[in-house]
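What follows is the content of structure-v5.tsv, which has TSV, C-alpha atoms and all ligand atoms:
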```tsv
chain	number	residue	atom	x	y	z
C	1175	MET	CA	68.46	96.07	103.87
C	1176	GLU	CA	70.37	96.58	100.64
C	1177	LEU	CA	67.26	98.20	99.23
C	1178	GLN	CA	67.25	100.81	102.00
C	1179	PHE	CA	70.92	101.47	101.39
C	1180	THR	CA	70.18	101.97	97.71
C	1181	GLU	CA	67.63	104.62	98.71
C	1182	LEU	CA	69.96	106.23	101.24
C	1183	LEU	CA	72.83	106.31	98.80
C	1184	ASN	CA	70.64	108.12	96.30
C	1185	ILE	CA	72.75	107.82	93.18
C	1186	PRO	CA	70.33	107.37	90.27
C	1187	GLY	CA	70.84	104.12	88.36
C	1188	LEU	CA	72.98	102.58	91.07
C	1189	VAL	CA	72.06	99.58	93.24
C	1190	VAL	CA	73.63	98.54	96.53
C	1191	GLU	CA	74.26	94.78	96.38
C	1192	TYR	CA	75.86	94.29	99.74
C	1193	TYR	CA	77.12	96.28	102.69
C	1194	ARG	CA	79.68	95.85	105.41
C	1195	ASN	CA	79.76	97.80	108.64
C	1196	LEU	CA	83.32	98.24	109.90
C	1197	GLY	CA	82.45	100.57	112.76
C	1198	GLN	CA	83.73	103.94	111.59
C	1199	GLU	CA	83.51	102.85	107.97
C	1200	LEU	CA	80.74	101.55	105.79
C	1201	ILE	CA	81.57	99.65	102.66
C	1202	LEU	CA	78.83	99.36	100.07
C	1203	ASP	CA	79.12	97.08	97.09
C	1204	VAL	CA	77.44	98.85	94.19
C	1205	GLU	CA	76.65	98.20	90.57
C	1206	ALA	CA	74.70	99.89	87.80
C	1207	GLU	CA	71.11	98.61	87.69
C	1208	THR	CA	71.16	98.05	83.94
C	1209	ASP	CA	72.76	94.88	82.60
C	1210	TYR	CA	74.08	96.50	79.44
C	1211	SER	CA	76.21	99.41	78.26
C	1212	ASN	CA	76.95	101.26	75.04
C	1213	CYS	CA	80.19	100.65	73.19
C	1214	PRO	CA	82.12	103.94	73.13
C	1215	ARG	CA	83.53	103.13	69.67
C	1216	CYS	CA	80.42	102.24	67.70
C	1217	GLY	CA	77.53	102.97	70.06
C	1218	GLN	CA	76.26	99.37	69.90
C	1219	VAL	CA	74.35	98.25	73.01
C	1220	SER	CA	76.07	95.30	74.57
C	1221	ASN	CA	75.07	92.97	77.39
C	1222	HIS	CA	77.79	90.46	76.85
C	1223	LEU	CA	79.70	90.63	80.16
C	1224	HIS	CA	83.40	90.18	79.68
C	1225	GLN	CA	84.88	90.87	83.12
C	1226	ASN	CA	84.12	92.48	86.48
C	1227	HIS	CA	86.44	95.17	87.84
C	1228	GLY	CA	85.91	96.12	91.46
C	1229	HIS	CA	87.54	99.20	92.97
C	1230	LEU	CA	87.01	101.30	96.06
C	1231	VAL	CA	85.90	104.92	95.85
C	1232	ARG	CA	85.23	107.38	98.62
C	1233	ASP	CA	81.71	108.80	98.86
C	1234	LEU	CA	79.87	111.26	101.12
C	1235	PRO	CA	79.72	110.21	104.79
C	1236	LEU	CA	76.56	108.69	106.23
C	1237	SER	CA	75.75	109.48	109.88
C	1238	ASN	CA	79.30	110.64	110.43
C	1239	ARG	CA	80.78	107.41	109.13
C	1240	GLN	CA	83.12	107.26	106.21
C	1241	VAL	CA	81.57	105.58	103.23
C	1242	PHE	CA	83.43	103.64	100.57
C	1243	LEU	CA	81.74	102.25	97.52
C	1244	ARG	CA	83.08	99.07	96.08
C	1245	VAL	CA	82.21	99.86	92.52
C	1246	ASN	CA	81.93	97.13	89.97
C	1247	ARG	CA	82.90	98.75	86.70
C	1248	ARG	CA	81.98	96.02	84.26
C	1249	GLN	CA	83.69	95.22	81.02
C	1250	PHE	CA	81.49	94.23	78.13
C	1251	LYS	CA	82.47	92.77	74.82
C	1252	CYS	CA	81.07	94.55	71.79
C	1253	LYS	CA	79.63	92.17	69.23
C	1254	LYS	CA	80.11	94.63	66.43
C	1255	CYS	CA	83.73	95.66	67.07
C	1256	GLY	CA	84.61	92.42	68.78
C	1257	LYS	CA	86.55	94.39	71.39
C	1258	PRO	CA	86.01	94.73	75.13
C	1259	PHE	CA	85.17	98.08	76.70
C	1260	SER	CA	84.56	99.18	80.27
C	1261	GLU	CA	81.33	100.94	81.08
C	1262	ASP	CA	81.02	104.67	81.80
C	1263	LEU	CA	79.68	105.45	85.25
C	1264	ASP	CA	78.50	109.01	85.49
C	1265	PHE	CA	79.00	109.37	89.26
C	1266	VAL	CA	82.71	108.54	89.27
C	1267	GLY	CA	85.48	109.32	86.80
C	1268	LYS	CA	87.58	106.50	85.43
C	1269	GLY	CA	90.60	105.84	87.64
C	1270	LYS	CA	89.28	108.16	90.37
C	1271	LYS	CA	89.28	107.20	94.03
C	1272	TYR	CA	86.26	109.35	94.88
C	1273	THR	CA	82.80	110.10	93.50
C	1274	HIS	CA	82.09	113.40	91.74
C	1275	ARG	CA	79.80	114.45	94.55
C	1276	TYR	CA	82.43	113.72	97.17
C	1277	ALA	CA	84.95	115.93	95.36
C	1278	THR	CA	82.34	118.67	94.95
C	1279	ASN	CA	81.54	118.52	98.64
C	1280	ILE	CA	85.22	118.86	99.57
C	1281	VAL	CA	85.69	121.79	97.21
C	1282	GLU	CA	82.59	123.46	98.70
C	1283	LYS	CA	84.21	123.27	102.13
C	1284	LEU	CA	87.08	125.35	100.81
C	1285	VAL	CA	84.78	128.34	100.58
C	1286	HIS	CA	84.68	128.61	104.35
C	1287	SER	CA	88.02	127.17	105.29
C	1288	ASP	CA	91.52	126.75	103.95
C	1289	LEU	CA	93.25	123.94	102.16
C	1290	THR	CA	95.24	122.72	105.15
C	1291	ASN	CA	92.20	122.46	107.40
C	1292	VAL	CA	89.94	120.89	104.82
C	1293	ALA	CA	92.59	118.27	104.14
C	1294	LYS	CA	93.12	117.59	107.84
C	1295	ASN	CA	89.44	117.43	108.77
C	1296	ASN	CA	88.69	114.98	105.99
C	1297	HIS	CA	91.74	112.75	106.39
C	1298	LEU	CA	93.11	113.77	103.01
C	1299	THR	CA	96.45	115.14	101.93
C	1300	GLU	CA	96.63	118.68	100.54
C	1301	ARG	CA	97.66	117.22	97.24
C	1302	GLU	CA	94.52	115.06	97.16
C	1303	VAL	CA	92.37	118.12	97.84
C	1304	GLU	CA	94.11	120.03	95.05
C	1305	ALA	CA	93.51	117.12	92.70
C	1306	MET	CA	89.82	117.25	93.61
C	1307	ILE	CA	89.70	120.97	92.83
C	1308	ASN	CA	91.13	120.28	89.39
C	1309	HIS	CA	88.78	117.36	88.90
C	1310	VAL	CA	85.72	119.43	89.76
C	1311	ALA	CA	87.02	122.31	87.65
C	1312	GLN	CA	87.27	120.02	84.68
C	1313	GLN	CA	83.59	119.15	84.99
C	1314	ILE	CA	82.50	122.78	85.21
C	1315	PHE	CA	84.87	124.69	82.92
C	1316	PRO	CA	84.43	126.34	80.61
C	1317	ILE	CA	81.49	127.94	82.37
C	1318	ASN	CA	78.30	127.93	80.39
C	1319	LEU	CA	77.69	131.54	79.39
C	1320	SER	CA	74.92	130.93	76.91
C	1321	GLY	CA	72.43	132.82	79.09
C	1322	LEU	CA	74.58	135.88	79.71
C	1323	LYS	CA	72.58	139.01	78.85
C	1324	ARG	CA	73.65	141.67	81.32
C	1325	LEU	CA	77.32	141.91	82.13
C	1326	GLY	CA	78.66	143.95	85.03
C	1327	ILE	CA	82.29	145.10	85.08
C	1328	ASP	CA	83.86	146.25	88.29
C	1329	GLU	CA	87.20	146.12	90.03
C	1330	ILE	CA	88.59	145.42	93.47
C	1331	SER	CA	91.89	145.68	95.18
C	1332	LEU	CA	92.77	142.45	96.95
C	1333	VAL	CA	96.15	143.57	98.17
C	1334	LYS	CA	95.65	146.67	100.25
C	1335	GLY	CA	97.72	149.73	99.50
C	1336	GLN	CA	99.34	148.46	96.33
C	1337	GLY	CA	96.91	150.25	94.04
C	1338	LYS	CA	96.63	147.05	92.05
C	1339	PHE	CA	93.18	146.09	90.89
C	1340	ILE	CA	91.71	142.94	89.51
C	1341	VAL	CA	88.69	143.19	87.24
C	1342	VAL	CA	85.51	141.38	88.23
C	1343	LEU	CA	83.05	140.22	85.57
C	1344	VAL	CA	79.55	139.42	86.76
C	1345	ASP	CA	76.33	138.05	85.29
C	1346	LEU	CA	73.94	140.64	86.72
C	1347	ASP	CA	70.91	138.40	86.21
C	1348	THR	CA	72.19	135.35	88.07
C	1349	GLY	CA	74.44	137.31	90.42
C	1350	LYS	CA	77.31	134.96	89.61
C	1351	LEU	CA	80.92	135.70	88.99
C	1352	VAL	CA	81.75	134.83	85.37
C	1353	GLY	CA	85.36	135.94	85.09
C	1354	LEU	CA	88.33	137.59	86.73
C	1355	VAL	CA	91.08	139.54	85.03
C	1356	LYS	CA	94.48	139.83	86.62
C	1357	GLU	CA	94.95	143.52	85.92
C	1358	LYS	CA	92.94	146.52	84.82
C	1359	LYS	CA	94.50	146.67	81.38
C	1360	GLN	CA	92.65	146.76	78.10
C	1361	LYS	CA	94.49	143.86	76.50
C	1362	ALA	CA	94.09	141.58	79.49
C	1363	ILE	CA	90.36	142.28	79.80
C	1364	GLU	CA	89.78	141.86	76.08
C	1365	SER	CA	91.52	138.53	76.00
C	1366	VAL	CA	89.24	137.15	78.73
C	1367	LEU	CA	86.14	138.41	76.93
C	1368	LEU	CA	87.33	137.05	73.60
C	1369	SER	CA	87.88	133.65	75.18
C	1370	TRP	CA	84.11	133.49	75.70
C	1371	GLY	CA	83.59	133.45	71.96
C	1372	ARG	CA	81.84	135.83	69.58
C	1373	GLU	CA	78.46	134.20	70.04
C	1374	VAL	CA	78.39	134.97	73.76
C	1375	LEU	CA	79.64	138.52	73.24
C	1376	GLU	CA	77.02	139.21	70.58
C	1377	GLN	CA	74.14	138.11	72.77
C	1378	ILE	CA	75.05	140.53	75.57
C	1379	GLU	CA	72.37	143.22	75.73
C	1380	GLU	CA	73.80	145.48	78.36
C	1381	VAL	CA	77.15	146.20	79.95
C	1382	SER	CA	77.01	148.03	83.26
C	1383	MET	CA	80.15	149.71	84.53
C	1384	ASP	CA	81.67	152.42	86.65
C	1385	LEU	CA	82.98	155.61	85.09
C	1386	ALA	CA	86.04	154.08	83.45
C	1387	LYS	CA	86.81	154.92	79.84
C	1388	ILE	CA	88.74	151.72	79.39
C	1389	TYR	CA	85.63	149.60	80.06
C	1390	LYS	CA	83.55	151.71	77.73
C	1391	SER	CA	85.94	151.31	74.85
C	1392	ILE	CA	86.18	147.54	75.44
C	1393	ALA	CA	82.39	147.15	75.51
C	1394	GLU	CA	81.98	149.24	72.36
C	1395	LYS	CA	84.56	147.16	70.61
C	1396	LEU	CA	83.60	143.66	71.71
C	1397	CYS	CA	79.90	143.72	72.57
C	1398	PRO	CA	78.31	145.04	69.38
C	1399	ASN	CA	74.71	144.63	70.55
C	1400	ALA	CA	75.07	145.94	74.08
C	1401	VAL	CA	73.77	149.16	75.56
C	1402	ILE	CA	76.35	150.63	77.93
C	1403	THR	CA	75.08	151.92	81.24
C	1404	VAL	CA	76.81	153.49	84.19
C	1405	ASP	CA	75.98	152.15	87.60
C	1406	ARG	CA	74.15	154.91	89.49
C	1407	PHE	CA	75.98	154.22	92.74
C	1408	HIS	CA	79.29	154.99	91.13
C	1409	VAL	CA	77.91	158.38	90.14
C	1410	SER	CA	76.61	158.90	93.67
C	1411	LYS	CA	80.02	158.06	95.02
C	1412	LEU	CA	81.52	160.86	92.97
C	1413	LEU	CA	78.85	163.22	94.23
C	1414	HIS	CA	79.55	162.20	97.82
C	1415	GLU	CA	83.24	162.80	97.42
C	1416	GLU	CA	82.64	166.27	96.11
C	1417	LEU	CA	80.19	167.03	98.90
C	1418	ASN	CA	82.73	165.97	101.49
C	1419	GLN	CA	85.39	168.00	99.73
C	1420	GLY	CA	83.04	170.99	100.01
C	1421	ARG	CA	82.73	170.42	103.74
C	1422	ILE	CA	86.51	170.29	104.16
C	1423	GLU	CA	86.91	173.54	102.23
C	1424	GLN	CA	84.28	175.22	104.35
C	1425	LYS	CA	86.18	174.12	107.44
C	1426	LYS	CA	89.33	175.71	106.10
C	1427	THR	CA	87.48	178.94	105.35
C	1428	ALA	CA	86.02	178.92	108.86
C	1429	GLU	CA	89.47	178.74	110.38
C	1430	SER	CA	90.20	182.24	109.14
C	1431	LEU	CA	87.10	183.66	110.85
C	1432	LYS	CA	87.20	185.74	114.02
C	1433	ALA	CA	87.61	183.82	117.23
C	1434	GLU	CA	84.08	183.60	118.67
C	1435	SER	CA	82.19	182.72	115.47
C	1436	ARG	CA	85.04	180.46	114.31
C	1437	GLU	CA	84.58	178.02	117.19
C	1438	LYS	CA	80.87	177.77	116.60
C	1439	VAL	CA	81.11	177.24	112.84
C	1440	LEU	CA	83.98	174.77	113.14
C	1441	GLY	CA	82.14	172.85	115.83
C	1442	ASN	CA	79.17	172.46	113.53
C	1443	LEU	CA	81.26	171.34	110.56
C	1444	LYS	CA	83.35	168.79	112.39
C	1445	GLY	CA	82.61	165.09	112.58
C	1446	CYS	CA	79.58	165.22	110.33
C	1447	LYS	CA	80.92	163.55	107.20
C	1448	TYR	CA	78.58	160.58	107.50
C	1449	ILE	CA	75.58	162.67	108.34
C	1450	LEU	CA	76.04	164.52	105.08
C	1451	LEU	CA	76.38	161.32	103.08
C	1452	LYS	CA	73.40	159.56	104.62
C	1453	ARG	CA	69.95	159.92	103.17
C	1454	SER	CA	67.85	162.31	105.24
C	1455	GLU	CA	65.22	159.64	105.89
C	1456	ASN	CA	67.87	157.45	107.53
C	1457	LEU	CA	69.00	160.06	110.06
C	1458	ASN	CA	68.00	159.75	113.70
C	1459	GLU	CA	66.77	162.72	115.77
C	1460	LYS	CA	70.20	163.64	117.05
C	1461	GLN	CA	71.69	163.53	113.57
C	1462	LYS	CA	68.82	165.59	112.19
C	1463	ASN	CA	69.62	168.31	114.72
C	1464	GLN	CA	73.27	168.17	113.80
C	1465	LEU	CA	72.33	168.55	110.17
C	1466	ILE	CA	70.27	171.67	110.94
C	1467	LYS	CA	73.24	173.23	112.75
C	1468	LEU	CA	75.51	172.25	109.93
C	1469	LYS	CA	73.29	173.91	107.38
C	1470	GLU	CA	73.20	177.07	109.53
C	1471	ALA	CA	76.98	177.06	109.75
C	1472	SER	CA	77.39	176.84	106.00
C	1473	PRO	CA	74.70	177.87	103.52
C	1474	LYS	CA	76.82	176.44	100.72
C	1475	ILE	CA	76.88	172.99	102.33
C	1476	ALA	CA	73.14	173.31	102.87
C	1477	ILE	CA	72.61	173.78	99.15
C	1478	MET	CA	74.99	170.97	98.27
C	1479	TYR	CA	73.28	168.61	100.68
C	1480	ASN	CA	69.87	169.40	99.22
C	1481	LEU	CA	71.20	168.86	95.70
C	1482	LYS	CA	72.56	165.48	96.74
C	1483	GLU	CA	69.20	164.47	98.17
C	1484	GLU	CA	67.47	165.64	95.02
C	1485	PHE	CA	69.87	163.62	92.90
C	1486	THR	CA	69.04	160.43	94.81
C	1487	GLU	CA	65.35	161.14	94.47
C	1488	ILE	CA	65.61	161.56	90.70
C	1489	PHE	CA	67.13	158.09	90.44
C	1490	ASP	CA	64.68	156.55	92.89
C	1491	LYS	CA	61.52	158.02	91.46
C	1492	SER	CA	61.81	158.75	87.75
C	1493	ASN	CA	59.58	156.31	85.92
C	1494	ASN	CA	61.05	156.32	82.44
C	1495	LEU	CA	63.84	157.55	80.23
C	1496	GLY	CA	62.08	160.80	79.25
C	1497	GLU	CA	61.17	161.78	82.78
C	1498	GLY	CA	64.58	160.84	84.17
C	1499	THR	CA	66.42	162.71	81.43
C	1500	ILE	CA	64.46	165.92	81.96
C	1501	ASN	CA	64.91	165.74	85.73
C	1502	LEU	CA	68.62	165.11	85.41
C	1503	LEU	CA	69.13	167.95	82.91
C	1504	ASP	CA	67.34	170.27	85.28
C	1505	TRP	CA	69.51	169.08	88.15
C	1506	LEU	CA	72.73	169.51	86.18
C	1507	GLU	CA	71.94	173.16	85.59
C	1508	LYS	CA	71.27	173.84	89.26
C	1509	ALA	CA	74.23	171.77	90.44
C	1510	ALA	CA	76.82	173.15	88.02
C	1511	PRO	CA	78.18	175.90	90.33
C	1512	PHE	CA	78.46	173.52	93.30
C	1513	PHE	CA	79.43	170.14	91.87
C	1514	GLN	CA	81.73	171.05	89.02
C	1515	LYS	CA	83.50	167.74	88.79
C	1516	THR	CA	80.41	165.56	89.07
C	1517	VAL	CA	78.44	167.66	86.60
C	1518	LYS	CA	81.26	167.51	84.08
C	1519	THR	CA	81.54	163.72	84.43
C	1520	ILE	CA	77.80	163.19	84.07
C	1521	LYS	CA	77.81	165.33	80.93
C	1522	ASN	CA	80.62	163.22	79.50
C	1523	TRP	CA	78.71	160.03	80.28
C	1524	PHE	CA	75.22	161.36	79.77
C	1525	GLY	CA	73.86	158.58	77.55
C	1526	GLU	CA	75.23	155.87	79.80
C	1527	VAL	CA	73.97	157.56	82.96
C	1528	VAL	CA	70.40	158.11	81.74
C	1529	GLY	CA	70.37	154.52	80.47
C	1530	TYR	CA	69.55	153.71	84.08
C	1531	PHE	CA	66.09	155.25	83.78
C	1532	GLU	CA	65.19	152.83	81.04
C	1533	ARG	CA	66.72	149.61	82.32
C	1534	LYS	CA	67.11	150.19	86.09
C	1535	THR	CA	70.24	148.08	86.14
C	1536	THR	CA	72.50	148.39	89.15
C	1537	GLN	CA	75.57	146.51	90.21
C	1538	GLY	CA	74.08	145.80	93.62
C	1539	VAL	CA	75.12	142.14	93.48
C	1540	VAL	CA	78.74	143.03	92.78
C	1541	GLU	CA	79.40	144.24	96.30
C	1542	GLY	CA	78.49	140.84	97.72
C	1543	ILE	CA	80.69	139.14	95.16
C	1544	ASN	CA	83.63	141.38	96.01
C	1545	ASN	CA	83.22	140.64	99.70
C	1546	LYS	CA	83.20	136.92	99.02
C	1547	LEU	CA	86.32	137.24	96.86
C	1548	LYS	CA	88.09	138.92	99.77
C	1549	LEU	CA	87.08	136.02	102.01
C	1550	ILE	CA	88.35	133.49	99.50
C	1551	LYS	CA	91.61	135.37	99.23
C	1552	ARG	CA	91.97	135.56	103.00
C	1553	SER	CA	91.35	131.85	103.40
C	1554	GLY	CA	94.61	131.27	101.58
C	1555	PHE	CA	92.67	129.97	98.61
C	1556	GLY	CA	95.74	130.09	96.42
C	1557	PHE	CA	96.11	133.78	95.69
C	1558	ARG	CA	99.83	133.52	95.05
C	1559	ASN	CA	98.93	132.01	91.73
C	1560	PHE	CA	96.29	134.10	89.97
C	1561	ASP	CA	95.09	131.30	87.70
C	1562	ASN	CA	94.42	129.11	90.71
C	1563	PHE	CA	92.68	131.93	92.49
C	1564	GLN	CA	90.49	132.54	89.47
C	1565	LYS	CA	89.68	128.88	89.05
C	1566	ARG	CA	88.79	128.41	92.69
C	1567	SER	CA	86.75	131.60	92.82
C	1568	LEU	CA	84.73	130.62	89.77
C	1569	LEU	CA	84.10	127.21	91.34
C	1570	VAL	CA	82.54	128.89	94.35
C	1571	TRP	CA	79.81	130.37	92.18
C	1572	HIS	CA	79.36	127.54	89.76
C	1573	LEU	CA	79.69	124.38	91.85
C	1574	THR	CA	76.05	124.14	92.72
C	1575	ASN	CA	73.42	126.80	92.96
C	1576	ASN	CA	75.23	129.06	95.40
C	1601	ZN	ZN	81.63	98.53	69.23
```
Please re-express this file's structure in structure tokens.
Amino acid sequence: MELQFTELLNIPGLVVEYYRNLGQELILDVEAETDYSNCPRCGQVSNHLHQNHGHLVRDLPLSNRQVFLRVNRRQFKCKKCGKPFSEDLDFVGKGKKYTHRYATNIVEKLVHSDLTNVAKNNHLTEREVEAMINHVAQQIFPINLSGLKRLGIDEISLVKGQGKFIVVLVDLDTGKLVGLVKEKKQKAIESVLLSWGREVLEQIEEVSMDLAKIYKSIAEKLCPNAVITVDRFHVSKLLHEELNQGRIEQKKTAESLKAESREKVLGNLKGCKYILLKRSENLNEKQKNQLIKLKEASPKIAIMYNLKEEFTEIFDKSNNLGEGTINLLDWLEKAAPFFQKTVKTIKNWFGEVVGYFERKTTQGVVEGINNKLKLIKRSGFGFRNFDNFQKRSLLVWHLTNN
């Protein structure tokens, strides 16, 4: 029976010696399967048992029953030093009342719930849960960034309407959050990046960003080997804004028309913001008809819409840097009279924008990360204290393989 429990327990190197069934609780007496340990002072292997030290630790539940392990942490006496030492057990920290995996499991629950509920549902106090968060954080931090090659920088506002942004740093290859910065200020961002160490910063090959000068100057300064690219969807966003602005202006112009044509033109320009912003291939029949009327109502909007579609196509279909660059230059010339702001911005960021055609990097994963951050914040995951929020958010992505 103990053998089956050893298998069920599934902690490598650990043997169940005895079990007791107390109804809602199972108590398993466990011990390391080796009969020796290494002295932490001199490294000498010792099998000279000095004392047994039993203590209870909480582990993951089995079939809905609480499980406690009665761990025997043995003391050996080192022949070389002549001093006793207690063995290291890699599944439970010294002096801890729970296994590492139990703490990890509790912290994982915090992703979908809040502290109060997680504590209540697991018969723990909030303070115990907080201690587990810190315990797990200690195991994971600092996060291993040795594989970071493509860094994405973006920002989100977690408190609506305050215009305050936090900066989100993402490993674009793993899709994991790797850092948060409390405010969109150069010094604050630089200090987080510098805390990663020069070695990490030097190995970064690409930094992808939106159209923010502050990010560009930070990347140029701190990531000496990185190519800077602008995320294409941030450029599209600018284009969309200008297209919508064009529609609003056309509406205003239409209002000064004579009565009978005014109603018709206005009718065709109203309520079609999203039709204009959608890709033509995603429009349904009704929307396609609306688009035709819209284009009839305003030839200028018709041109702008076609330019927007062409822009998307250039980014979807250009196969390499040369092709993309030529197509974009061509587009800029045609678009200049209609999209003054966007054209000017692209010219200012030309190298970073065309970098897309070579590397095809997008910040697609960042949107999902931002949504998850909002969830974490909403679950009362300690946003009042930014350091806690950052710690807990990073845990969400680095606990296991989420
Ligand atoms: Zn020793």
- request: Determine the nearest neighbour of Val1570 of chain C from the options C:Leu1230, C:Ile1340, C:Leu1547, C:Ala1393, counting only C-alpha atoms.
  value: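 Using only C-alpha atoms, Val1570 of chain C sits closest to C:Leu1547.
If all atoms listed in the file are the atoms counted, then among C:Lys1271, C:Gln1464, C:Val1285, C:Ile1477 the closest residue to Phe1563 of chain C is C:Val1285.
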query: Using all atoms listed in the file, what are the residues with an atom within 6 Å of ligand ZN 1601 (chain C), set out as a PyMOL selection string?
result: chain C and resi 1213+1215-1216+1218+1252+1254-1255
message: Residues near segment 1196-1203 of chain C, anyone? I mean within 7 Å using all atoms listed in the file, not counting same-chain ones fewer than 3 positions away, as a ChimeraX atom specification.
response: /C:1190-1193,1239-1245
Let me have the centre and edge lengths of the axis-aligned box enclosing all listed atoms of segment 1319-1323 of chain C with 6 Å padding on every side, in Å to one decimal, as lines of an AutoDock Vina configuration file.
```
center_x = 75.1
center_y = 135.0
center_z = 78.3
size_x = 17.3
size_y = 20.1
size_z = 14.8
```
- prompt: Which residues, written as a ChimeraX atom specification, have at least one atom at most 12 Å from Phe1560 of chain C, with all atoms listed in the file counted and residues fewer than 6 positions away on the same chain left out?
  reply: /C:1332,1340,1354-1357,1551,1566-1567
field: For Leu1319 of chain C: contacts at 8 Å, all atoms listed in the file, fewer than 2 positions along chain excluded, given as a list in words
entry: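 That gives Ile1317, Gly1321, Leu1322, Val1352, Trp1370 and Val1374 of chain C.
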